[in-house]
file target-v1.tsv (TSV, C-alpha atoms)
chain	number	residue	atom	x	y	z
A	166	MET	CA	-27.29	-26.05	7.23
A	167	LYS	CA	-28.70	-23.46	9.63
A	168	ARG	CA	-25.22	-22.07	10.15
A	169	LEU	CA	-24.76	-21.60	6.40
A	170	LEU	CA	-28.16	-19.91	6.18
A	171	PHE	CA	-27.16	-17.64	9.06
A	172	LEU	CA	-23.97	-16.62	7.24
A	173	ARG	CA	-25.88	-15.91	4.05
A	174	GLN	CA	-28.13	-13.54	5.99
A	175	TRP	CA	-25.14	-11.47	7.12
A	176	GLY	CA	-24.75	-8.13	5.42
A	177	PRO	CA	-21.72	-7.21	3.30
A	178	ALA	CA	-20.23	-5.13	6.13
A	179	ARG	CA	-20.21	-8.09	8.52
A	180	LEU	CA	-18.87	-10.46	5.89
A	181	THR	CA	-16.07	-8.04	5.00
A	182	ALA	CA	-15.07	-7.50	8.63
A	183	THR	CA	-15.26	-11.22	9.36
A	184	GLY	CA	-13.15	-12.01	6.31
A	185	PHE	CA	-10.38	-9.67	7.37
A	186	LEU	CA	-10.56	-11.00	10.93
A	187	LEU	CA	-10.22	-14.59	9.68
A	188	LEU	CA	-7.26	-13.57	7.51
A	189	ILE	CA	-5.55	-12.00	10.52
A	190	LEU	CA	-6.15	-15.09	12.65
A	191	ILE	CA	-4.85	-17.43	9.93
A	192	GLY	CA	-1.76	-15.25	9.57
A	193	THR	CA	-1.24	-15.27	13.33
A	194	VAL	CA	-1.40	-19.06	13.49
A	195	LEU	CA	1.06	-19.40	10.58
A	196	LEU	CA	3.51	-16.96	12.18
A	197	LEU	CA	3.39	-18.97	15.41
A	198	LEU	CA	4.51	-22.16	13.68
A	199	PRO	CA	8.22	-23.11	13.98
A	200	PHE	CA	8.94	-22.68	10.27
A	201	ALA	CA	8.07	-18.96	10.45
A	202	GLU	CA	10.80	-17.96	12.91
A	203	ALA	CA	14.50	-17.75	12.19
A	204	GLY	CA	16.93	-19.53	14.52
A	205	ASP	CA	15.81	-20.59	17.97
A	206	SER	CA	13.64	-17.53	18.62
A	207	ARG	CA	9.92	-18.08	19.01
A	208	ALA	CA	7.25	-15.46	18.49
A	209	SER	CA	4.75	-14.80	21.25
A	210	PHE	CA	1.06	-14.83	20.43
A	211	LEU	CA	0.88	-11.06	20.87
A	212	SER	CA	3.80	-10.32	18.52
A	213	ALA	CA	2.44	-12.71	15.87
A	214	LEU	CA	-1.04	-11.21	16.18
A	215	PHE	CA	0.31	-7.67	15.95
A	216	THR	CA	2.46	-8.49	12.92
A	217	ALA	CA	-0.40	-10.21	11.10
A	218	THR	CA	-2.78	-7.34	11.88
A	219	SER	CA	-0.23	-4.77	10.74
A	220	ALA	CA	0.37	-6.65	7.48
A	221	VAL	CA	-3.30	-7.20	6.62
A	222	SER	CA	-4.26	-3.62	7.47
A	223	LEU	CA	-1.19	-2.28	5.59
A	224	THR	CA	-0.02	-0.38	8.65
A	225	GLY	CA	3.68	-1.24	8.60
A	226	LEU	CA	4.25	-1.13	12.36
A	227	VAL	CA	6.48	-3.93	13.67
A	228	VAL	CA	7.44	-5.18	17.12
A	229	VAL	CA	10.19	-7.52	15.89
A	230	ASP	CA	12.68	-7.10	13.07
A	231	THR	CA	11.14	-8.49	9.89
A	232	GLY	CA	14.42	-9.43	8.23
A	233	SER	CA	16.15	-11.20	11.12
A	234	PHE	CA	13.36	-12.51	13.36
A	235	TRP	CA	11.21	-14.13	10.69
A	236	SER	CA	12.53	-16.88	8.45
A	237	PRO	CA	12.11	-16.70	4.66
A	238	ALA	CA	8.92	-18.74	5.06
A	239	GLY	CA	7.67	-16.31	7.71
A	240	GLN	CA	8.43	-13.39	5.41
A	241	VAL	CA	6.43	-15.10	2.67
A	242	VAL	CA	3.48	-15.31	5.07
A	243	ILE	CA	3.80	-11.60	5.87
A	244	LEU	CA	4.06	-10.74	2.19
A	245	ALA	CA	0.97	-12.82	1.41
A	246	LEU	CA	-0.96	-11.03	4.15
A	247	ILE	CA	0.11	-7.67	2.71
A	248	GLN	CA	-0.94	-8.66	-0.80
A	249	LEU	CA	-4.28	-10.08	0.30
A	250	GLY	CA	-4.93	-7.08	2.49
A	251	GLY	CA	-4.17	-4.74	-0.39
A	252	LEU	CA	-6.36	-6.50	-2.90
A	253	GLY	CA	-9.14	-7.02	-0.42
A	254	ILE	CA	-10.38	-10.38	0.71
A	255	MET	CA	-13.83	-9.76	-0.70
A	256	SER	CA	-12.33	-9.02	-4.11
A	257	LEU	CA	-10.57	-12.38	-3.91
A	258	ALA	CA	-13.84	-14.05	-2.92
A	259	SER	CA	-15.60	-12.41	-5.87
A	260	LEU	CA	-12.85	-13.59	-8.22
A	261	SER	CA	-13.16	-17.12	-6.88
A	262	GLY	CA	-16.89	-17.07	-7.51
A	263	LEU	CA	-16.32	-15.73	-11.00
A	264	LEU	CA	-13.85	-18.51	-11.82
A	265	LEU	CA	-16.05	-21.25	-10.38
A	266	THR	CA	-19.48	-20.20	-11.63
A	267	GLY	CA	-18.74	-17.78	-14.43
A	268	ARG	CA	-20.89	-15.11	-12.80
A	269	ILE	CA	-20.96	-12.83	-9.78
A	270	SER	CA	-23.94	-12.63	-7.48
A	271	PHE	CA	-25.63	-9.37	-6.55
A	272	LYS	CA	-24.50	-9.86	-2.95
A	273	ALA	CA	-20.88	-10.11	-4.12
A	274	ARG	CA	-21.32	-6.84	-5.97
A	275	LYS	CA	-22.65	-5.18	-2.81
A	276	THR	CA	-19.79	-6.63	-0.80
A	277	GLY	CA	-17.27	-5.17	-3.22
A	278	ALA	CA	-18.91	-1.77	-2.85
A	279	TYR	CA	-18.64	-2.00	0.94
A	280	GLU	CA	-14.93	-2.55	0.47
A	281	ASN	CA	-14.67	0.89	-1.13
A	282	ARG	CA	-13.73	-0.47	-4.55
A	283	PRO	CA	-16.21	1.07	-7.00
A	284	ILE	CA	-17.38	-1.13	-9.86
A	285	LEU	CA	-16.39	0.07	-13.32
A	286	ALA	CA	-18.85	0.57	-16.16
A	287	GLY	CA	-18.11	-2.90	-17.53
A	288	GLY	CA	-19.14	-4.58	-14.29
A	289	ILE	CA	-17.42	-6.54	-11.58
A	290	ARG	CA	-15.62	-8.78	-14.08
A	291	ARG	CA	-13.71	-5.88	-15.65
A	292	THR	CA	-13.05	-4.36	-12.25
A	293	LEU	CA	-11.48	-7.52	-10.91
A	294	ILE	CA	-9.47	-8.19	-14.06
A	295	PHE	CA	-8.13	-4.65	-14.16
A	296	THR	CA	-7.32	-4.63	-10.43
A	297	PHE	CA	-5.37	-7.87	-10.52
A	298	ALA	CA	-3.67	-7.18	-13.84
A	299	PHE	CA	-2.66	-3.65	-12.91
A	300	THR	CA	-1.32	-4.83	-9.54
A	301	ALA	CA	0.70	-7.63	-11.14
A	302	VAL	CA	2.16	-5.39	-13.86
A	303	VAL	CA	3.21	-2.57	-11.52
A	304	GLU	CA	4.67	-4.88	-8.89
A	305	SER	CA	6.58	-6.83	-11.56
A	306	ILE	CA	8.10	-3.66	-13.02
A	307	ILE	CA	9.17	-2.31	-9.63
A	308	ALA	CA	10.50	-5.70	-8.51
A	309	THR	CA	12.58	-5.97	-11.69
A	310	ALA	CA	14.05	-2.48	-11.23
A	311	VAL	CA	14.95	-3.04	-7.56
A	312	THR	CA	16.34	-6.52	-8.25
A	313	ALA	CA	18.60	-5.24	-11.01
A	314	ARG	CA	19.87	-2.39	-8.85
A	315	LEU	CA	20.62	-4.67	-5.89
A	316	MET	CA	22.60	-7.01	-8.13
A	317	VAL	CA	24.53	-4.32	-9.99
A	318	GLY	CA	25.01	-1.74	-7.24
A	319	TYR	CA	25.23	-3.87	-4.11
A	320	GLY	CA	26.57	-7.21	-5.32
A	321	HIS	CA	23.61	-9.25	-4.10
A	322	SER	CA	23.16	-12.72	-5.51
A	323	PHE	CA	20.23	-13.16	-7.89
A	324	PRO	CA	18.01	-15.12	-5.42
A	325	ARG	CA	18.55	-12.59	-2.63
A	326	ALA	CA	18.13	-9.58	-4.91
A	327	LEU	CA	15.00	-11.09	-6.48
A	328	TRP	CA	13.40	-11.79	-3.10
A	329	GLU	CA	14.16	-8.33	-1.73
A	330	GLY	CA	12.95	-6.78	-4.97
A	331	ILE	CA	9.65	-8.67	-4.83
A	332	PHE	CA	9.19	-7.99	-1.12
A	333	HIS	CA	9.78	-4.25	-1.36
A	334	ALA	CA	7.75	-3.91	-4.57
A	335	ILE	CA	4.68	-5.54	-3.02
A	336	SER	CA	5.18	-3.68	0.25
A	337	ALA	CA	5.50	-0.36	-1.58
A	338	PHE	CA	2.58	-0.77	-3.98
A	339	ASN	CA	0.30	-1.89	-1.16
A	340	ASN	CA	1.60	0.95	1.02
A	341	ALA	CA	2.53	-1.42	3.83
A	342	GLY	CA	5.98	-0.04	4.74
A	343	PHE	CA	7.46	-3.45	5.65
A	344	SER	CA	11.11	-4.00	4.81
A	345	THR	CA	13.54	-6.90	5.13
A	346	ASN	CA	16.19	-4.46	6.41
A	347	SER	CA	16.51	-3.77	10.13
A	348	ASP	CA	16.74	-0.04	9.46
A	349	ASN	CA	14.11	0.01	6.71
A	350	LEU	CA	15.38	1.95	3.65
A	351	VAL	CA	18.19	3.81	5.42
A	352	PRO	CA	20.86	1.78	3.54
A	353	PHE	CA	19.53	3.30	0.30
A	354	VAL	CA	19.42	6.89	1.54
A	355	GLY	CA	21.34	8.22	-1.45
A	356	ASP	CA	20.28	5.72	-4.10
A	357	ALA	CA	17.75	7.18	-6.52
A	358	TRP	CA	17.64	3.87	-8.44
A	359	ILE	CA	15.99	2.30	-5.38
A	360	LEU	CA	14.02	5.16	-3.87
A	361	LEU	CA	12.40	6.53	-7.03
A	362	PRO	CA	10.89	3.19	-8.21
A	363	LEU	CA	9.59	2.52	-4.70
A	364	ALA	CA	8.20	6.05	-4.50
A	365	GLY	CA	6.48	5.48	-7.85
A	366	ALA	CA	4.93	2.27	-6.52
A	367	VAL	CA	3.74	4.05	-3.38
A	368	ILE	CA	2.14	6.84	-5.42
A	369	GLY	CA	0.60	4.35	-7.84
A	370	GLY	CA	-1.02	2.30	-5.11
A	371	GLY	CA	-2.12	5.41	-3.25
A	372	LEU	CA	-3.96	6.95	-6.21
A	373	GLY	CA	-6.53	4.16	-6.25
A	374	PHE	CA	-7.67	1.73	-8.93
A	375	PRO	CA	-10.64	3.82	-10.18
A	376	VAL	CA	-8.28	6.70	-11.02
A	377	TRP	CA	-5.95	4.40	-12.93
A	378	ALA	CA	-8.91	2.88	-14.76
A	379	GLU	CA	-9.94	6.33	-15.94
A	380	LEU	CA	-6.39	7.16	-17.00
A	381	VAL	CA	-6.16	3.93	-18.98
A	382	ARG	CA	-9.47	4.75	-20.65
A	383	HIS	CA	-8.15	8.21	-21.45
A	384	VAL	CA	-5.05	6.77	-23.13
A	385	ARG	CA	-7.13	4.34	-25.17
A	386	ARG	CA	-9.71	6.87	-26.35
A	387	GLY	CA	-7.46	9.90	-26.71
A	388	SER	CA	-8.52	13.49	-26.18
A	389	GLU	CA	-12.21	12.56	-26.45
A	390	ALA	CA	-12.02	10.93	-23.00
A	391	THR	CA	-10.48	13.99	-21.36
A	392	ARG	CA	-13.85	15.57	-20.76
A	393	ARG	CA	-15.11	12.34	-19.25
A	394	ILE	CA	-12.57	12.12	-16.45
A	395	SER	CA	-14.55	12.37	-13.25
A	396	ILE	CA	-14.17	15.15	-10.73
A	397	THR	CA	-12.95	12.54	-8.24
A	398	ALA	CA	-10.06	11.53	-10.50
A	399	ARG	CA	-9.13	15.13	-11.28
A	400	MET	CA	-9.31	16.04	-7.61
A	401	THR	CA	-7.18	13.04	-6.60
A	402	LEU	CA	-4.49	13.76	-9.19
A	403	ALA	CA	-4.33	17.47	-8.44
A	404	ALA	CA	-4.30	17.02	-4.67
A	405	THR	CA	-1.65	14.31	-4.89
A	406	GLY	CA	0.63	16.54	-6.96
A	407	VAL	CA	0.16	19.49	-4.64
A	408	LEU	CA	0.79	17.43	-1.51
A	409	ILE	CA	3.94	15.83	-2.94
A	410	ALA	CA	5.36	19.19	-4.01
A	411	ALA	CA	4.39	20.95	-0.79
A	412	GLY	CA	5.68	18.08	1.32
A	413	THR	CA	9.01	18.06	-0.51
A	414	ILE	CA	9.49	21.79	0.06
A	415	PHE	CA	8.41	21.45	3.68
A	416	PHE	CA	10.83	18.62	4.51
A	417	ALA	CA	13.67	20.37	2.68
A	418	LEU	CA	13.11	23.59	4.63
A	419	THR	CA	12.71	22.01	8.07
A	420	GLU	CA	15.50	19.43	7.81
A	421	TRP	CA	18.00	20.98	5.38
A	422	ASN	CA	20.39	21.61	8.26
A	423	GLY	CA	18.95	18.78	10.34
A	424	VAL	CA	18.92	15.09	9.40
A	425	LEU	CA	19.56	16.05	5.76
A	426	ALA	CA	22.68	18.06	6.61
A	427	PRO	CA	25.26	15.28	5.96
A	428	MET	CA	23.83	14.60	2.50
A	429	SER	CA	24.74	16.19	-0.80
A	430	TRP	CA	22.41	18.70	-2.42
A	431	GLY	CA	20.89	16.09	-4.73
A	432	GLU	CA	20.45	13.58	-1.91
A	433	LYS	CA	18.68	16.21	0.17
A	434	ILE	CA	16.12	16.81	-2.56
A	435	LEU	CA	15.72	13.08	-3.16
A	436	ASN	CA	15.09	12.30	0.50
A	437	ALA	CA	12.83	15.31	0.99
A	438	PHE	CA	10.77	14.03	-1.94
A	439	PHE	CA	10.69	10.48	-0.59
A	440	ALA	CA	9.78	11.76	2.88
A	441	SER	CA	6.89	13.65	1.28
A	442	VAL	CA	5.59	10.57	-0.57
A	443	SER	CA	6.01	7.91	2.10
A	444	PRO	CA	4.17	9.27	5.19
A	445	ARG	CA	0.89	9.80	3.35
A	446	THR	CA	0.63	6.14	2.50
A	447	ALA	CA	3.53	3.74	2.95
A	448	GLY	CA	5.56	4.42	6.09
A	449	PHE	CA	9.04	3.76	4.69
A	450	ASN	CA	11.87	5.86	6.10
A	451	THR	CA	15.35	6.73	4.85
A	452	PHE	CA	16.46	8.49	8.04
A	453	ASP	CA	15.83	8.25	11.78
A	454	TYR	CA	12.57	10.05	12.58
A	455	GLY	CA	13.62	10.20	16.21
A	456	GLU	CA	16.17	12.86	15.26
A	457	VAL	CA	13.91	15.18	13.27
A	458	HIS	CA	12.51	18.51	14.47
A	459	PRO	CA	9.07	18.49	16.18
A	460	VAL	CA	7.75	20.72	13.39
A	461	THR	CA	8.75	18.02	10.90
A	462	LEU	CA	6.89	15.43	12.94
A	463	MET	CA	3.80	17.64	12.93
A	464	GLY	CA	4.00	17.96	9.15
A	465	THR	CA	4.43	14.20	8.86
A	466	ASP	CA	1.33	13.66	11.00
A	467	THR	CA	-0.62	15.99	8.74
A	468	LEU	CA	0.37	14.04	5.63
A	469	MET	CA	-0.49	10.74	7.32
A	470	PHE	CA	-3.86	12.11	8.37
A	471	ILE	CA	-4.73	13.12	4.80
A	472	GLY	CA	-3.52	9.89	3.19
A	473	GLY	CA	-4.04	9.00	-0.45
A	474	GLY	CA	-6.79	8.41	-2.99
A	475	SER	CA	-10.09	6.62	-2.49
A	476	ALA	CA	-10.29	2.88	-3.23
A	477	GLY	CA	-6.50	2.67	-3.16
A	478	THR	CA	-4.10	1.01	-0.76
A	479	ALA	CA	-3.38	4.21	1.17
A	480	GLY	CA	-4.75	5.18	4.54
A	481	GLY	CA	-5.88	8.50	5.98
A	482	ILE	CA	-9.14	10.35	5.44
A	483	LYS	CA	-8.35	10.42	1.67
A	484	VAL	CA	-7.33	13.41	-0.42
A	485	THR	CA	-10.83	13.83	-1.87
A	486	THR	CA	-12.28	14.20	1.63
A	487	ALA	CA	-9.64	16.79	2.49
A	488	CYS	CA	-10.40	18.73	-0.71
A	489	VAL	CA	-14.13	18.75	0.00
A	490	LEU	CA	-13.54	19.93	3.56
A	491	LEU	CA	-11.25	22.72	2.36
A	492	ALA	CA	-13.79	23.76	-0.28
A	493	ALA	CA	-16.53	23.87	2.33
A	494	MET	CA	-14.35	25.95	4.64
A	495	ALA	CA	-13.48	28.34	1.80
A	496	ALA	CA	-17.16	28.70	0.95
A	497	GLU	CA	-18.00	29.55	4.56
A	498	PHE	CA	-15.18	32.09	4.81

call {"tool": "encode", "arguments": {"input": "target-v1.tsv", "output": "structure tokens"}}
result
Amino acid sequence: MKRLLFLRQWGPARLTATGFLLLILIGTVLLLLPFAEAGDSRASFLSALFTATSAVSLTGLVVVDTGSFWSPAGQVVILALIQLGGLGIMSLASLSGLLLTGRISFKARKTGAYENRPILAGGIRRTLIFTFAFTAVVESIIATAVTARLMVGYGHSFPRALWEGIFHAISAFNNAGFSTNSDNLVPFVGDAWILLPLAGAVIGGGLGFPVWAELVRHVRRGSEATRRISITARMTLAATGVLIAAGTIFFALTEWNGVLAPMSWGEKILNAFFASVSPRTAGFNTFDYGEVHPVTLMGTDTLMFIGGGSAGTAGGIKVTTACVLLAAMAAEF
């Protein structure tokens, strides 16, 4: 009883950090079990811990090949960690409390705020419903598009195409960068039917749920809601568009005669665009980054440092922070 009282006295920050830590440890234990590895290979504690941490934190770094080292069951574990990490474990806890009691406590509301997921005007209930519904709809659409393309264009069987479609859709929307292919998305280097839907999922997850909530409200209410779009949403949308366009031009200029040289003109533009979208959030790659020019790597680092929108699945310092810093610098100059 004292232990439960002690946990209740913890602040939202500690509960959030502890929740993510427990999720990582559970994922590590599951990845160490025999059913998670393919063949006779066995994961070490360090590789399982690193993989679980990378999945929960949506980092995308791997020390073993996801498609060949982990069994289908192990890949399901990784995918679940990615999804839970993207939604936020405290959001899941709030939803559980809502389903069980029909209400959300004030502490749960504070915990959600600590997780950088602002509560909409309708309260935590609407926020959770919109977050889960929007995630499910987007991931379903992207998974359907990728599955269809893998079946039609690559001759995959329906079960294999469906699994790869679901895996890449969830990985893309949550900006995790995990892939079932040993060379990530290199096999689809010239396939717009694969890269564009995944890029759309990456952008969608990187914008953040509050921005999408405002856009949905704008569509419902028409032009009357235009004036009510917050400065944060406008700043996020504008900065995202500028960064994507600037990044596309940058990658095209620096690598036109580099790693993009063997490609056709259309493929060069497509991969420059995808290379502009992915580093800021997801971490997918369609070419070997070990062969790119150092200037390209510096530009990639810059995009990764900036990241995506607030309360989204992207990393970085967030585009709104970058805009505020640039505005402050301009004011000083």

call {"tool": "atom_distance", "arguments": {"input": "target-v1.tsv", "atom1": "atom CA of A:Glu420", "atom2": "atom CA of A:Lys433"}}
result
8.9 Å

call {"tool": "closest_residue", "arguments": {"input": "target-v1.tsv", "among": "A:Pro427, A:Gly225, A:Pro199, A:Gly250", "to": "A:Leu187", "atoms": "all atoms listed in the file"}}
result
A:Gly250

call {"tool": "residues_near_point", "arguments": {"input": "target-v1.tsv", "point": "(-5.6, -11.2, 2.7)", "cutoff": "12 Å", "atoms": "only C-alpha atoms", "output": "PDB file with C-alpha atoms, in the coordinates of the input"}}
result
ATOM      1  CA  THR A 181     -16.070  -8.040   5.000  1.00  0.00           C
ATOM      2  CA  ALA A 182     -15.070  -7.500   8.630  1.00  0.00           C
ATOM      3  CA  THR A 183     -15.260 -11.220   9.360  1.00  0.00           C
ATOM      4  CA  GLY A 184     -13.150 -12.010   6.310  1.00  0.00           C
ATOM      5  CA  PHE A 185     -10.380  -9.670   7.370  1.00  0.00           C
ATOM      6  CA  LEU A 186     -10.560 -11.000  10.930  1.00  0.00           C
ATOM      7  CA  LEU A 187     -10.220 -14.590   9.680  1.00  0.00           C
ATOM      8  CA  LEU A 188      -7.260 -13.570   7.510  1.00  0.00           C
ATOM      9  CA  ILE A 189      -5.550 -12.000  10.520  1.00  0.00           C
ATOM     10  CA  LEU A 190      -6.150 -15.090  12.650  1.00  0.00           C
ATOM     11  CA  ILE A 191      -4.850 -17.430   9.930  1.00  0.00           C
ATOM     12  CA  GLY A 192      -1.760 -15.250   9.570  1.00  0.00           C
ATOM     13  CA  ALA A 217      -0.400 -10.210  11.100  1.00  0.00           C
ATOM     14  CA  THR A 218      -2.780  -7.340  11.880  1.00  0.00           C
ATOM     15  CA  SER A 219      -0.230  -4.770  10.740  1.00  0.00           C
ATOM     16  CA  ALA A 220       0.370  -6.650   7.480  1.00  0.00           C
ATOM     17  CA  VAL A 221      -3.300  -7.200   6.620  1.00  0.00           C
ATOM     18  CA  SER A 222      -4.260  -3.620   7.470  1.00  0.00           C
ATOM     19  CA  LEU A 223      -1.190  -2.280   5.590  1.00  0.00           C
ATOM     20  CA  VAL A 242       3.480 -15.310   5.070  1.00  0.00           C
ATOM     21  CA  ILE A 243       3.800 -11.600   5.870  1.00  0.00           C
ATOM     22  CA  LEU A 244       4.060 -10.740   2.190  1.00  0.00           C
ATOM     23  CA  ALA A 245       0.970 -12.820   1.410  1.00  0.00           C
ATOM     24  CA  LEU A 246      -0.960 -11.030   4.150  1.00  0.00           C
ATOM     25  CA  ILE A 247       0.110  -7.670   2.710  1.00  0.00           C
ATOM     26  CA  GLN A 248      -0.940  -8.660  -0.800  1.00  0.00           C
ATOM     27  CA  LEU A 249      -4.280 -10.080   0.300  1.00  0.00           C
ATOM     28  CA  GLY A 250      -4.930  -7.080   2.490  1.00  0.00           C
ATOM     29  CA  GLY A 251      -4.170  -4.740  -0.390  1.00  0.00           C
ATOM     30  CA  LEU A 252      -6.360  -6.500  -2.900  1.00  0.00           C
ATOM     31  CA  GLY A 253      -9.140  -7.020  -0.420  1.00  0.00           C
ATOM     32  CA  ILE A 254     -10.380 -10.380   0.710  1.00  0.00           C
ATOM     33  CA  MET A 255     -13.830  -9.760  -0.700  1.00  0.00           C
ATOM     34  CA  SER A 256     -12.330  -9.020  -4.110  1.00  0.00           C
ATOM     35  CA  LEU A 257     -10.570 -12.380  -3.910  1.00  0.00           C
ATOM     36  CA  ALA A 258     -13.840 -14.050  -2.920  1.00  0.00           C
ATOM     37  CA  ASN A 339       0.300  -1.890  -1.160  1.00  0.00           C
TER      38      ASN A 339
END

call {"tool": "atom_distance", "arguments": {"input": "target-v1.tsv", "atom1": "atom CA of A:Gly472", "atom2": "atom CA of A:Val484"}}
result
6.3 Å

call {"tool": "atom_distance", "arguments": {"input": "target-v1.tsv", "atom1": "atom CA of A:Gly477", "atom2": "atom CA of A:Leu226"}}
result
19.3 Å

call {"tool": "residues_around", "arguments": {"input": "target-v1.tsv", "residues": "A:Leu372", "least_positions_apart": "4", "cutoff": "7 Å", "atoms": "only C-alpha atoms", "output": "ChimeraX atom specification"}}
result
/A:368,376,401,473-474,477

call {"tool": "closest_residue", "arguments": {"input": "target-v1.tsv", "among": "A:Ala337, A:Cys488, A:Val460, A:Ala364", "to": "A:Arg399", "atoms": "only C-alpha atoms"}}
result
A:Cys488
